[in-house]
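Dropping target-v7.txt in here (compact mmCIF, C-alpha atoms):
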```txt
# COMPACT_ATOMS: atom_id res chain seq x y z
CA MET A 1 44.75 -4.05 8.09
CA SER A 2 45.82 -7.60 7.31
CA THR A 3 48.00 -9.63 9.66
CA ILE A 4 51.56 -9.80 8.37
CA ALA A 5 54.56 -11.98 9.15
CA ALA A 6 58.25 -12.11 8.26
CA ILE A 7 61.58 -13.41 9.50
CA SER A 8 63.16 -10.62 11.56
CA THR A 9 66.62 -12.14 12.00
CA PRO A 10 69.36 -12.10 9.32
CA ASN A 11 69.22 -14.51 6.39
CA ALA A 12 71.96 -16.72 7.78
CA ALA A 13 72.36 -19.63 10.17
CA GLY A 14 72.54 -18.60 13.83
CA GLY A 15 71.64 -19.54 17.35
CA ILE A 16 68.08 -18.23 17.03
CA GLY A 17 65.56 -17.29 14.37
CA VAL A 18 62.66 -14.90 15.01
CA ILE A 19 59.41 -14.78 13.08
CA ARG A 20 57.40 -11.62 13.81
CA ILE A 21 53.61 -11.59 13.35
CA SER A 22 51.63 -8.32 13.58
CA GLY A 23 47.96 -7.45 13.18
CA ASP A 24 44.53 -8.10 14.65
CA GLY A 25 44.86 -11.84 14.00
CA ALA A 26 48.46 -12.21 15.20
CA ILE A 27 47.67 -14.01 18.47
CA GLU A 28 45.03 -16.26 16.88
CA ILE A 29 47.39 -17.28 14.07
CA ALA A 30 50.23 -17.91 16.55
CA ASP A 31 47.90 -20.07 18.65
CA SER A 32 47.19 -22.20 15.57
CA VAL A 33 50.87 -23.12 15.16
CA PHE A 34 52.25 -22.92 18.72
CA CYS A 35 51.46 -25.17 21.69
CA SER A 36 52.91 -24.20 25.07
CA VAL A 37 54.14 -26.93 27.41
CA SER A 38 51.91 -25.45 30.11
CA GLY A 39 48.83 -25.94 27.92
CA LYS A 40 47.95 -22.20 28.08
CA LYS A 41 46.78 -20.49 24.93
CA LEU A 42 48.67 -17.38 23.88
CA ARG A 43 45.41 -15.41 23.85
CA ASP A 44 45.19 -16.00 27.63
CA LEU A 45 48.66 -14.59 28.33
CA LYS A 46 49.26 -11.04 29.47
CA GLY A 47 51.30 -8.69 27.31
CA TYR A 48 55.09 -8.89 27.54
CA THR A 49 54.78 -12.56 28.50
CA ALA A 50 56.74 -15.45 26.99
CA ALA A 51 55.80 -19.12 26.78
CA PHE A 52 57.97 -22.14 25.96
CA GLY A 53 56.52 -24.83 23.75
CA TYR A 54 56.48 -26.43 20.30
CA ILE A 55 55.72 -25.18 16.84
CA PHE A 56 53.49 -27.39 14.68
CA ASP A 57 52.44 -27.61 11.06
CA GLY A 58 49.13 -29.33 11.60
CA ASP A 59 49.97 -32.46 13.58
CA LYS A 60 53.62 -32.44 12.60
CA LYS A 61 56.08 -30.94 15.10
CA ILE A 62 58.54 -28.54 13.41
CA ASP A 63 60.67 -27.27 16.29
CA GLU A 64 60.65 -26.23 19.91
CA GLY A 65 60.57 -22.52 20.58
CA VAL A 66 59.42 -19.51 22.58
CA ALA A 67 56.41 -17.30 21.85
CA LEU A 68 56.51 -13.69 23.12
CA VAL A 69 53.16 -11.89 23.21
CA PHE A 70 52.50 -8.13 22.94
CA HIS A 71 48.99 -6.68 23.14
CA ALA A 72 47.97 -3.58 21.20
CA PRO A 73 48.76 -0.73 21.53
CA LYS A 74 51.82 -1.60 23.66
CA SER A 75 53.92 -3.15 20.93
CA TYR A 76 56.42 -2.00 18.33
CA THR A 77 53.76 -1.66 15.65
CA GLY A 78 50.92 -0.60 17.94
CA GLU A 79 49.07 -3.81 16.98
CA ASN A 80 48.85 -7.28 18.49
CA VAL A 81 52.26 -8.85 17.96
CA VAL A 82 53.68 -12.32 18.55
CA GLU A 83 57.34 -13.15 18.03
CA LEU A 84 58.12 -16.84 17.59
CA SER A 85 61.73 -17.75 18.38
CA CYS A 86 62.99 -21.05 17.03
CA HIS A 87 66.40 -22.58 16.33
CA GLY A 88 68.31 -20.40 13.90
CA GLY A 89 68.82 -22.72 10.97
CA LEU A 90 67.79 -21.24 7.62
CA TYR A 91 65.53 -24.15 6.71
CA VAL A 92 63.70 -24.42 10.04
CA THR A 93 63.16 -20.64 10.26
CA GLU A 94 61.73 -20.51 6.75
CA LEU A 95 59.56 -23.55 7.53
CA VAL A 96 58.07 -21.82 10.59
CA LEU A 97 57.33 -18.70 8.51
CA ARG A 98 55.73 -20.81 5.78
CA THR A 99 53.50 -22.45 8.39
CA VAL A 100 52.46 -19.07 9.83
CA LEU A 101 51.59 -17.82 6.34
CA LYS A 102 49.63 -21.01 5.63
CA ASN A 103 47.54 -20.29 8.74
CA GLY A 104 46.35 -16.86 7.64
CA ALA A 105 49.18 -14.31 7.76
CA GLU A 106 50.40 -12.41 4.71
CA PRO A 107 54.07 -11.82 3.85
CA ALA A 108 55.28 -8.48 5.20
CA GLU A 109 56.72 -6.01 2.72
CA ALA A 110 60.05 -4.25 3.24
CA GLY A 111 59.80 -2.02 6.32
CA GLU A 112 56.12 -2.81 6.85
CA PHE A 113 56.38 -3.38 10.62
CA THR A 114 58.00 0.04 11.09
CA LYS A 115 55.55 1.59 8.61
CA ARG A 116 52.67 0.33 10.77
CA ALA A 117 54.39 1.83 13.82
CA PHE A 118 54.41 5.16 11.96
CA LEU A 119 50.80 4.87 10.77
CA ASN A 120 49.67 3.94 14.28
CA GLY A 121 51.37 6.99 15.79
CA LYS A 122 54.09 5.10 17.67
CA ILE A 123 56.87 7.05 15.91
CA ASP A 124 57.10 9.88 13.39
CA LEU A 125 58.76 9.62 9.99
CA ALA A 126 62.12 11.01 11.13
CA GLU A 127 62.22 8.53 14.01
CA ALA A 128 61.27 5.71 11.63
CA GLU A 129 64.21 6.50 9.35
CA SER A 130 66.56 6.39 12.32
CA VAL A 131 65.66 2.72 12.83
CA MET A 132 67.68 1.80 9.75
CA SER A 133 70.42 4.19 10.90
CA VAL A 134 70.67 2.20 14.16
CA ILE A 135 70.89 -1.05 12.20
CA SER A 136 73.54 0.27 9.79
CA ALA A 137 75.61 2.24 12.35
CA LYS A 138 79.31 1.53 11.89
CA GLY A 139 80.61 3.24 15.04
CA ARG A 140 79.75 4.57 18.49
CA GLN A 141 79.12 8.13 17.37
CA ALA A 142 76.89 7.02 14.48
CA LEU A 143 74.92 4.78 16.85
CA ASP A 144 74.51 7.60 19.39
CA ALA A 145 73.24 9.94 16.68
CA ALA A 146 70.73 7.34 15.42
CA LEU A 147 69.47 6.50 18.92
CA ASN A 148 69.00 10.17 19.79
CA THR A 149 66.98 10.68 16.60
CA LEU A 150 64.96 7.56 17.42
CA GLU A 151 64.21 9.09 20.82
CA GLY A 152 62.74 12.14 19.06
CA LYS A 153 65.52 14.70 19.57
CA LEU A 154 65.69 15.63 15.88
CA SER A 155 61.91 15.93 15.74
CA GLY A 156 62.12 18.19 18.79
CA ARG A 157 64.58 20.50 17.04
CA ILE A 158 62.39 20.62 13.92
CA SER A 159 59.28 21.17 16.04
CA LYS A 160 60.79 24.25 17.73
CA ILE A 161 61.53 25.82 14.34
CA THR A 162 58.11 24.89 12.97
CA GLU A 163 56.19 26.20 15.98
CA ARG A 164 57.76 29.68 15.79
CA LEU A 165 57.23 29.89 12.03
CA THR A 166 53.63 28.68 12.37
CA SER A 167 52.96 31.26 15.08
CA VAL A 168 54.28 34.08 12.88
CA SER A 169 52.35 32.76 9.87
CA ALA A 170 49.11 32.73 11.88
CA ALA A 171 49.76 36.27 13.13
CA ILE A 172 50.37 37.51 9.58
CA ALA A 173 47.14 35.84 8.43
CA VAL A 174 45.18 37.57 11.19
CA TRP A 175 46.85 40.91 10.39
CA THR A 176 46.01 40.47 6.68
CA ASP A 177 42.31 40.12 7.57
CA ASN A 178 42.48 42.93 10.15
CA PRO A 179 45.19 45.38 8.96
CA ASP A 180 44.11 48.11 11.41
CA GLU A 181 44.86 45.96 14.46
CA ASP A 182 48.27 46.16 16.15
CA ILE A 183 49.40 42.53 16.23
CA GLU A 184 52.85 42.41 17.82
CA GLU A 185 53.86 39.05 16.32
CA ALA A 186 53.16 40.42 12.83
CA HIS A 187 55.51 43.40 13.22
CA GLU A 188 58.18 43.31 10.50
CA ASP A 189 61.02 43.28 13.04
CA ASN A 190 59.56 40.22 14.80
CA VAL A 191 58.87 38.42 11.52
CA LYS A 192 62.45 39.07 10.39
CA THR A 193 63.90 37.84 13.71
CA VAL A 194 61.91 34.60 13.62
CA ILE A 195 62.86 33.88 10.01
CA GLU A 196 66.54 34.66 10.65
CA ASP A 197 66.57 32.36 13.70
CA ALA A 198 65.02 29.58 11.60
CA VAL A 199 67.59 30.11 8.84
CA ARG A 200 70.46 29.77 11.35
CA ALA A 201 68.96 26.64 12.90
CA LEU A 202 68.44 24.97 9.50
CA ARG A 203 71.94 25.85 8.34
CA GLN A 204 73.33 24.24 11.49
CA LEU A 205 71.31 21.06 10.91
CA ILE A 206 72.51 20.82 7.31
CA ALA A 207 76.15 21.47 8.29
CA GLU A 208 75.96 18.78 10.98
CA PHE A 209 74.56 16.33 8.42
CA ASP A 210 77.28 17.06 5.87
CA ASN A 211 80.04 16.68 8.49
CA GLY A 212 78.30 13.69 10.03
CA LYS A 213 78.32 11.69 6.79
CA ALA A 214 81.81 10.52 7.65
CA ILE A 215 80.44 8.74 10.73
CA THR A 216 76.94 7.78 9.52
CA GLU A 217 77.36 6.83 5.86
CA GLY A 218 81.08 6.88 5.16
CA ILE A 219 82.93 9.23 2.84
CA GLU A 220 84.25 8.47 -0.65
CA THR A 221 88.04 8.55 -0.23
CA VAL A 222 90.82 8.07 -2.74
CA ILE A 223 94.47 7.21 -2.01
CA CYS A 224 96.73 8.63 -4.69
CA GLY A 225 100.34 9.46 -5.46
CA HIS A 226 103.16 8.51 -7.82
CA PRO A 227 104.30 4.87 -8.13
CA ASN A 228 106.04 3.18 -5.19
CA VAL A 229 105.19 6.03 -2.82
CA GLY A 230 103.47 3.58 -0.45
CA LYS A 231 99.79 3.90 -1.45
CA SER A 232 99.06 0.18 -1.47
CA THR A 233 100.94 -0.38 1.79
CA LEU A 234 98.88 2.44 3.34
CA MET A 235 95.69 0.88 1.92
CA ASN A 236 96.57 -2.45 3.52
CA LEU A 237 97.52 -0.76 6.81
CA LEU A 238 94.18 1.05 7.04
CA SER A 239 92.22 -2.01 5.88
CA GLY A 240 93.93 -4.35 8.30
CA CYS A 241 94.41 -6.91 5.52
CA GLU A 242 96.20 -7.45 2.20
CA ARG A 243 93.79 -5.70 -0.21
CA SER A 244 96.41 -4.24 -2.56
CA ILE A 245 99.43 -5.99 -4.05
CA VAL A 246 102.66 -4.51 -2.72
CA THR A 247 105.93 -4.95 -4.67
CA PRO A 248 108.96 -2.75 -5.36
CA ILE A 249 107.98 -2.78 -9.06
CA ALA A 250 106.51 0.57 -10.19
CA GLY A 251 103.05 0.32 -11.75
CA THR A 252 101.92 -2.81 -9.88
CA THR A 253 98.48 -1.33 -9.15
CA ARG A 254 96.81 -1.04 -12.58
CA ASP A 255 93.19 -0.51 -11.53
CA ILE A 256 91.24 0.79 -8.55
CA VAL A 257 91.10 -1.41 -5.42
CA GLU A 258 88.27 -0.60 -3.00
CA GLU A 259 87.58 -1.30 0.68
CA THR A 260 85.46 0.20 3.47
CA VAL A 261 87.41 0.85 6.68
CA ARG A 262 86.69 2.47 10.03
CA LEU A 263 89.14 4.70 11.86
CA GLY A 264 87.61 5.36 15.26
CA ASP A 265 84.15 6.68 14.37
CA ILE A 266 85.14 7.77 10.85
CA VAL A 267 84.12 5.47 7.99
CA LEU A 268 86.14 5.71 4.78
CA ARG A 269 85.09 4.10 1.50
CA LEU A 270 88.69 3.76 0.33
CA ALA A 271 89.94 3.42 -3.23
CA ASP A 272 93.61 2.67 -3.95
CA THR A 273 94.51 3.98 -7.42
CA ALA A 274 97.23 3.42 -9.97
CA GLY A 275 100.46 5.35 -9.47
CA ILE A 276 100.38 8.71 -11.25
CA ARG A 277 103.14 9.07 -13.85
CA GLU A 278 103.73 9.30 -17.60
CA SER A 279 103.39 5.77 -18.98
CA SER A 280 103.71 4.17 -22.44
CA ASP A 281 102.00 1.04 -21.13
CA ARG A 282 98.47 1.22 -22.54
CA ILE A 283 96.85 -0.69 -19.69
CA GLU A 284 98.68 1.29 -17.00
CA ALA A 285 97.74 4.55 -18.76
CA ILE A 286 94.05 3.60 -18.55
CA GLY A 287 94.50 3.00 -14.81
CA ILE A 288 96.16 6.41 -14.41
CA ASP A 289 93.28 8.13 -16.27
CA ARG A 290 90.84 6.38 -13.92
CA ALA A 291 92.90 7.56 -10.95
CA TYR A 292 92.56 11.18 -12.07
CA GLU A 293 88.79 10.72 -12.60
CA ARG A 294 88.46 9.24 -9.12
CA ILE A 295 90.42 12.12 -7.57
CA ASP A 296 88.16 14.68 -9.24
CA ARG A 297 84.94 13.13 -7.90
CA ALA A 298 86.19 11.94 -4.48
CA GLN A 299 84.86 13.62 -1.35
CA LEU A 300 88.23 13.21 0.37
CA VAL A 301 91.75 12.74 -1.01
CA LEU A 302 94.61 11.06 0.84
CA ALA A 303 97.57 12.35 -1.17
CA VAL A 304 100.68 10.28 -0.46
CA PHE A 305 104.23 11.56 -0.96
CA ASP A 306 107.66 9.94 -0.60
CA GLY A 307 109.45 11.73 2.23
CA SER A 308 112.81 10.38 1.07
CA GLU A 309 112.60 12.12 -2.33
CA PRO A 310 111.94 15.71 -3.52
CA LEU A 311 108.56 16.49 -5.10
CA THR A 312 108.15 15.32 -8.69
CA GLU A 313 106.16 16.98 -11.49
CA GLU A 314 103.50 14.30 -10.98
CA ASP A 315 103.36 15.27 -7.28
CA ARG A 316 102.81 18.92 -8.25
CA GLU A 317 100.07 17.96 -10.70
CA LEU A 318 98.37 16.00 -7.91
CA LEU A 319 98.68 18.94 -5.51
CA SER A 320 97.06 21.31 -8.00
CA ARG A 321 94.09 18.95 -8.29
CA CYS A 322 93.74 18.91 -4.49
CA ARG A 323 93.77 22.68 -4.02
CA ASP A 324 89.98 23.06 -3.66
CA LYS A 325 89.17 19.62 -2.21
CA LEU A 326 89.06 18.10 1.25
CA ALA A 327 92.49 16.53 1.40
CA LEU A 328 95.13 15.19 3.76
CA ALA A 329 98.77 15.08 2.72
CA ILE A 330 100.57 11.97 3.98
CA VAL A 331 104.36 11.99 3.84
CA ASN A 332 105.40 8.35 3.88
CA LYS A 333 108.73 6.58 4.49
CA THR A 334 109.72 8.45 7.65
CA ASP A 335 112.02 5.49 8.32
CA LEU A 336 114.33 6.88 5.58
CA PRO A 337 116.34 10.14 5.51
CA LYS A 338 114.03 13.06 4.73
CA ARG A 339 114.53 15.00 1.48
CA LEU A 340 111.00 16.39 0.96
CA ASP A 341 110.10 20.06 1.54
CA GLU A 342 106.69 20.04 3.28
CA ALA A 343 106.29 23.82 2.90
CA GLU A 344 105.50 23.42 -0.80
CA ILE A 345 102.82 20.83 -0.03
CA LYS A 346 101.17 23.12 2.54
CA GLU A 347 100.59 25.75 -0.14
CA TYR A 348 97.97 23.35 -1.55
CA ILE A 349 97.04 21.07 1.37
CA PRO A 350 97.15 22.73 4.82
CA ILE A 351 97.37 19.59 6.94
CA VAL A 352 100.44 17.38 6.44
CA ILE A 353 101.34 14.36 8.58
CA SER A 354 104.28 11.96 8.48
CA VAL A 355 103.93 8.17 8.65
CA SER A 356 105.79 4.96 8.01
CA SER A 357 103.41 2.53 6.33
CA LEU A 358 106.14 -0.09 6.20
CA LYS A 359 106.48 -0.03 10.00
CA ALA A 360 102.70 0.32 10.49
CA GLN A 361 103.15 3.72 12.14
CA GLY A 362 100.82 6.67 11.73
CA THR A 363 97.27 5.29 11.87
CA GLU A 364 96.37 7.32 14.97
CA GLU A 365 97.82 10.48 13.43
CA ILE A 366 95.72 9.94 10.29
CA GLN A 367 92.61 9.42 12.42
CA THR A 368 93.21 12.64 14.39
CA ALA A 369 93.91 14.66 11.26
CA LEU A 370 90.80 13.35 9.48
CA ALA A 371 88.62 14.23 12.48
CA GLU A 372 89.88 17.81 12.18
CA ILE A 373 89.47 18.00 8.39
CA LEU A 374 86.00 16.44 8.35
CA GLY A 375 84.78 18.27 11.44
CA THR A 376 83.73 15.05 13.18
CA ASN A 377 85.53 16.14 16.36
CA GLU A 378 83.03 19.00 16.64
CA ILE A 379 79.86 16.95 16.09
CA ASP A 380 77.46 16.75 19.03
CA SER A 381 75.47 13.60 18.27
CA SER A 382 73.42 14.03 21.46
CA GLY A 383 71.19 16.75 19.99
CA GLY A 384 69.58 14.76 17.18
CA MET A 385 70.96 14.88 13.62
CA LEU A 386 69.45 14.60 10.17
CA ALA A 387 69.49 10.93 9.22
CA SER A 388 68.92 10.88 5.45
CA GLU A 389 69.21 12.78 2.19
CA ARG A 390 65.40 13.10 2.22
CA GLN A 391 65.53 14.96 5.52
CA ARG A 392 68.41 17.13 4.31
CA LEU A 393 66.43 18.03 1.17
CA CYS A 394 63.41 19.02 3.27
CA CYS A 395 65.65 21.35 5.29
CA GLU A 396 67.30 22.72 2.14
CA ASN A 397 63.92 23.48 0.58
CA ALA A 398 62.68 25.13 3.78
CA LEU A 399 65.91 27.14 4.03
CA ASP A 400 65.69 28.36 0.41
CA SER A 401 62.08 29.41 0.94
CA LEU A 402 62.91 31.33 4.12
CA LYS A 403 65.79 33.12 2.38
CA GLU A 404 63.32 34.16 -0.33
CA GLY A 405 61.01 35.40 2.44
CA LEU A 406 63.82 37.52 3.90
CA GLU A 407 64.62 38.97 0.47
CA ALA A 408 60.93 39.80 -0.02
CA LEU A 409 60.80 41.45 3.40
CA GLU A 410 63.92 43.52 2.75
CA SER A 411 62.66 44.61 -0.68
CA GLY A 412 59.53 46.08 0.88
CA MET A 413 56.98 43.47 -0.20
CA THR A 414 53.85 43.07 1.91
CA LEU A 415 53.76 40.57 4.78
CA ASP A 416 51.16 38.41 3.08
CA ALA A 417 53.66 37.86 0.22
CA VAL A 418 56.36 36.99 2.77
CA ASN A 419 53.95 34.56 4.38
CA VAL A 420 53.84 32.45 1.22
CA SER A 421 57.52 31.63 1.77
CA VAL A 422 57.00 30.96 5.49
CA ASP A 423 54.07 28.62 4.82
CA TYR A 424 56.06 26.63 2.25
CA ALA A 425 58.96 26.26 4.69
CA VAL A 426 56.59 24.96 7.36
CA GLU A 427 55.13 22.50 4.85
CA LYS A 428 58.56 21.06 4.05
CA LEU A 429 59.48 20.72 7.74
CA LEU A 430 56.18 18.93 8.45
CA GLU A 431 57.02 16.63 5.55
CA LEU A 432 60.32 15.83 7.26
CA THR A 433 58.59 14.55 10.40
CA GLY A 434 55.77 12.96 8.41
CA GLU A 435 52.97 15.15 9.75
CA LYS A 436 52.09 16.20 6.20
CA ALA A 437 54.05 13.73 4.09
CA ARG A 438 52.47 12.43 0.91
CA ASP A 439 51.86 8.68 0.53
CA ALA A 440 54.57 8.54 -2.15
CA VAL A 441 57.11 10.01 0.27
CA VAL A 442 56.15 7.55 3.02
CA GLY A 443 56.33 4.66 0.57
CA GLU A 444 59.79 5.72 -0.59
CA VAL A 445 61.09 5.89 2.99
CA PHE A 446 59.99 2.37 3.92
CA SER A 447 60.99 0.81 0.59
CA LYS A 448 64.62 1.19 1.76
CA PHE A 449 64.06 -0.96 4.85
CA CYS A 450 64.83 -4.65 5.10
CA VAL A 451 62.00 -7.20 5.22
CA GLY A 452 61.23 -8.10 8.83
CA LYS A 453 61.77 -4.59 10.16
```
Take the structure in the file and write it out as structure tokens.
Amino acid sequence: MSTIAAISTPNAAGGIGVIRISGDGAIEIADSVFCSVSGKKLRDLKGYTAAFGYIFDGDKKIDEGVALVFHAPKSYTGENVVELSCHGGLYVTELVLRTVLKNGAEPAEAGEFTKRAFLNGKIDLAEAESVMSVISAKGRQALDAALNTLEGKLSGRISKITERLTSVSAAIAVWTDNPDEDIEEAHEDNVKTVIEDAVRALRQLIAEFDNGKAITEGIETVICGHPNVGKSTLMNLLSGCERSIVTPIAGTTRDIVEETVRLGDIVLRLADTAGIRESSDRIEAIGIDRAYERIDRAQLVLAVFDGSEPLTEEDRELLSRCRDKLALAIVNKTDLPKRLDEAEIKEYIPIVISVSSLKAQGTEEIQTALAEILGTNEIDSSGGMLASERQRLCCENALDSLKEGLEALESGMTLDAVNVSVDYAVEKLLELTGEKARDAVVGEVFSKFCVGK
């Protein structure tokens, strides 16, 4: 493989910039641009050793810096690696990279360092994907889940399922060639038990992923209600800044205002919508139509009601749209005398909380209620969770195949027919960890990484 290089720190000015070089020629190339103050060459340093010195482009000094040396295979990529740390200005960091490339390195592609770690057996594909999950984690629980996957806990869970299925598949194959032999593992009862256990385990993984989206990726959330109910004030309260215009004039919000916010470990991709009502204003009517569209496709609805007024027809229309959705009813304006009957709301939305957006009261109650609705309070991130839609799809495909295998078994089909379903499920689970992933799958995974990682 060629020797590659890239800037591994963000594309912004900072205290330090890091240029990572990886490949057989990494140390030689670094030696051609770096001169330590001690006079030692980097090739003479032990692994995990740093040297202070100067970075040169030919005879011209670029910057002072530190070179950190890693010898193969004890590096992130499994290859020789040198990381040059210089001052973190954009220009000087790019100049150091340009000099490294001029001396023989090639520009690294997106995710190529981690891809080499995968190809060199340092990590499997599931662990590789968790690297980006660590980088993008927006809360403690999301970070814990990503780190546990990086440590191989998800791969361990998948491996346990795969090993039992592979053992049964092998037993069925032997029994097919020798039908007169009594092979205990190939007994129908045992085959059924193993498949049923795998089905339960995969369903749990998928359920954890779906619930965990609220902490790992964020959940599409819409704030809705009739005009002047306090939607924009709630949006600003949750955002911690003035994102929506707040006035006593009905219909102020004409279009959708969006913001990503974090409540504890829950990440909400919030959209504040136009107040829902009958309107002769053409522009406002368009905003109301968009609000209804957003409600229909949202993963979570925060339906806001005015606690100081009885329910309106628009409120009832909103409630009917929320009947089959994940939703939280928020009764606002608790600072005013209450005239709203919450019992009618609970017929459509089971969980109702009371807040005062004006007095900035109720954020903790919203956080607690959302944890219950989204199931994030029941997530155990220590066991290793699915980290991507690709992994979820592998589990879904394996699950569907195993359910077909159970149906075949219960309908009286021969074990060799059942084994086709078991083998396909194993194939999809091995694809998840990368043991049998196609080049196209591997390429797709790493194309989503940032350059330098």
remark   = Using all atoms listed in the file, the residue out of A:Arg323, A:Arg297, A:Arg140, A:Lys338 with shortest distance to A:Arg262 is A:Arg140
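Comparing the minimum interatomic distances between A:Ala329 and each of A:Ile55, A:Val18, A:Leu409, A:Ile223, counting all atoms listed in the file, we find that A:Ile223 sits nearest.
Neighbouring residues of A:Ser8 at 9 Å or closer, counting only C-alpha atoms and skipping chain neighbours under 2 positions away, are A:Ala6, A:Pro10, A:Asn11, A:Gly17, A:Val18, A:Ile19, A:Arg20, A:Cys450, A:Val451, A:Gly452, A:Lys453.
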inquiry  = Rounded to one decimal, what separation in Å do you get between atom CA of A:Arg200 and atom CA of A:Asp400?
reply    = 12.0 Å
Nearby residues (all atoms listed in the file) at most 6 Å from stretch 378-392 of chain A, same-chain spacing under 3 positions excluded, as JSON, numbers by chain = {"A": [145, 148, 149, 153, 154, 209, 375, 395, 432]}
What does the file look like for those residues with C-alpha atoms, as a compact mmCIF listing (two decimals), in the frame of the given file?
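Once written, result-v8.txt looks like this:
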```txt
# COMPACT_ATOMS: atom_id res chain seq x y z
CA ALA A 145 73.24 9.94 16.68
CA ASN A 148 69.00 10.17 19.79
CA THR A 149 66.98 10.68 16.60
CA LYS A 153 65.52 14.70 19.57
CA LEU A 154 65.69 15.63 15.88
CA PHE A 209 74.56 16.33 8.42
CA GLY A 375 84.78 18.27 11.44
CA CYS A 395 65.65 21.35 5.29
CA LEU A 432 60.32 15.83 7.26
```
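When atom CA of A:Leu95 is paired with atom CA of A:Lys60, their separation reads 11.8 Å.
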request  = Do a neighbour search on A:Gly139 at 8 Å with all atoms listed in the file, toss out local chain neighbours closer than 6 positions, and write the hits as a PyMOL selection string.
outcome  = chain A and resi 215+262+264-266
d(atom CA of A:Val229, atom CA of A:Phe305) in Å = 5.9 Å
Exercise: A:Ile161 partners within 9 Å, all atoms listed in the file, chain neighbours under 4 positions left out, as a PyMOL selection string = chain A and resi 156-157+165-166+194+197-198+201-202+426+429
query = Of the residues A:Leu237, A:Ala271, A:Leu311, A:Cys322, which is the one nearest to A:Lys359, using all atoms listed in the file?
reply =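 The closest residue to A:Lys359 is A:Leu237.
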message = I'd like the contact shell of stretch 360-369 of chain A - 12 Å cut-off, all atoms listed in the file, skipping same-chain residues fewer than 6 positions apart - returned as a VMD selection string.
response = chain A and resid 214 230 233 to 240 261 to 268 302 to 304 326 to 335 350 to 354 375 to 377
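Each of A:Gly65, A:Gly412, A:Gly53, A:Gly78 was compared to A:Val96 using all atoms listed in the file, and A:Gly65 turns out to be the nearest.
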ask   = From the list A:Val441, A:Ala30, A:Ile206, A:Ala142, which residue is nearest A:Ala5 when using all atoms listed in the file?
value =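 Ranked by minimum distance to A:Ala5, first place goes to A:Ala30.
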Could the residues of stretch 161-235 of chain A that have an atom at most 7 Å from stretch 415-425 of chain A be listed as a tab-separated table, each with its closest atom pair and the distance in Å to one decimal, counting all atoms listed in the file and ordered by chain and ascending residue number?
```
residue	atom	partner	partner_atom	distance
A:Leu165	CA	A:Val422	CA	6.6
A:Ser169	CA	A:Asn419	CA	6.0
A:Ile172	CA	A:Asp416	CA	6.6
A:Thr176	CA	A:Asp416	CA	6.6
```
Counting all atoms listed in the file, find residues at most 12 Å from (54.4, -9.4, 27.3) (file frame) and give them as a PDB file with C-alpha atoms, in the coordinates of the input.
```
ATOM      1  CA  LEU A  42      48.670 -17.380  23.880  1.00  0.00           C
ATOM      2  CA  ARG A  43      45.410 -15.410  23.850  1.00  0.00           C
ATOM      3  CA  ASP A  44      45.190 -16.000  27.630  1.00  0.00           C
ATOM      4  CA  LEU A  45      48.660 -14.590  28.330  1.00  0.00           C
ATOM      5  CA  LYS A  46      49.260 -11.040  29.470  1.00  0.00           C
ATOM      6  CA  GLY A  47      51.300  -8.690  27.310  1.00  0.00           C
ATOM      7  CA  TYR A  48      55.090  -8.890  27.540  1.00  0.00           C
ATOM      8  CA  THR A  49      54.780 -12.560  28.500  1.00  0.00           C
ATOM      9  CA  ALA A  50      56.740 -15.450  26.990  1.00  0.00           C
ATOM     10  CA  ALA A  51      55.800 -19.120  26.780  1.00  0.00           C
ATOM     11  CA  ALA A  67      56.410 -17.300  21.850  1.00  0.00           C
ATOM     12  CA  LEU A  68      56.510 -13.690  23.120  1.00  0.00           C
ATOM     13  CA  VAL A  69      53.160 -11.890  23.210  1.00  0.00           C
ATOM     14  CA  PHE A  70      52.500  -8.130  22.940  1.00  0.00           C
ATOM     15  CA  HIS A  71      48.990  -6.680  23.140  1.00  0.00           C
ATOM     16  CA  ALA A  72      47.970  -3.580  21.200  1.00  0.00           C
ATOM     17  CA  PRO A  73      48.760  -0.730  21.530  1.00  0.00           C
ATOM     18  CA  LYS A  74      51.820  -1.600  23.660  1.00  0.00           C
ATOM     19  CA  SER A  75      53.920  -3.150  20.930  1.00  0.00           C
ATOM     20  CA  TYR A  76      56.420  -2.000  18.330  1.00  0.00           C
ATOM     21  CA  ASN A  80      48.850  -7.280  18.490  1.00  0.00           C
ATOM     22  CA  VAL A  81      52.260  -8.850  17.960  1.00  0.00           C
ATOM     23  CA  VAL A  82      53.680 -12.320  18.550  1.00  0.00           C
ATOM     24  CA  GLU A  83      57.340 -13.150  18.030  1.00  0.00           C
TER      25      GLU A  83
END
```
message = Restricting the calculation to all atoms listed in the file: of A:Glu112, A:Glu217, A:Asp31, A:Glu151, which residue gets closest to A:Val100?
response =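 Checking each candidate against A:Val100, we get A:Asp31 as the closest.
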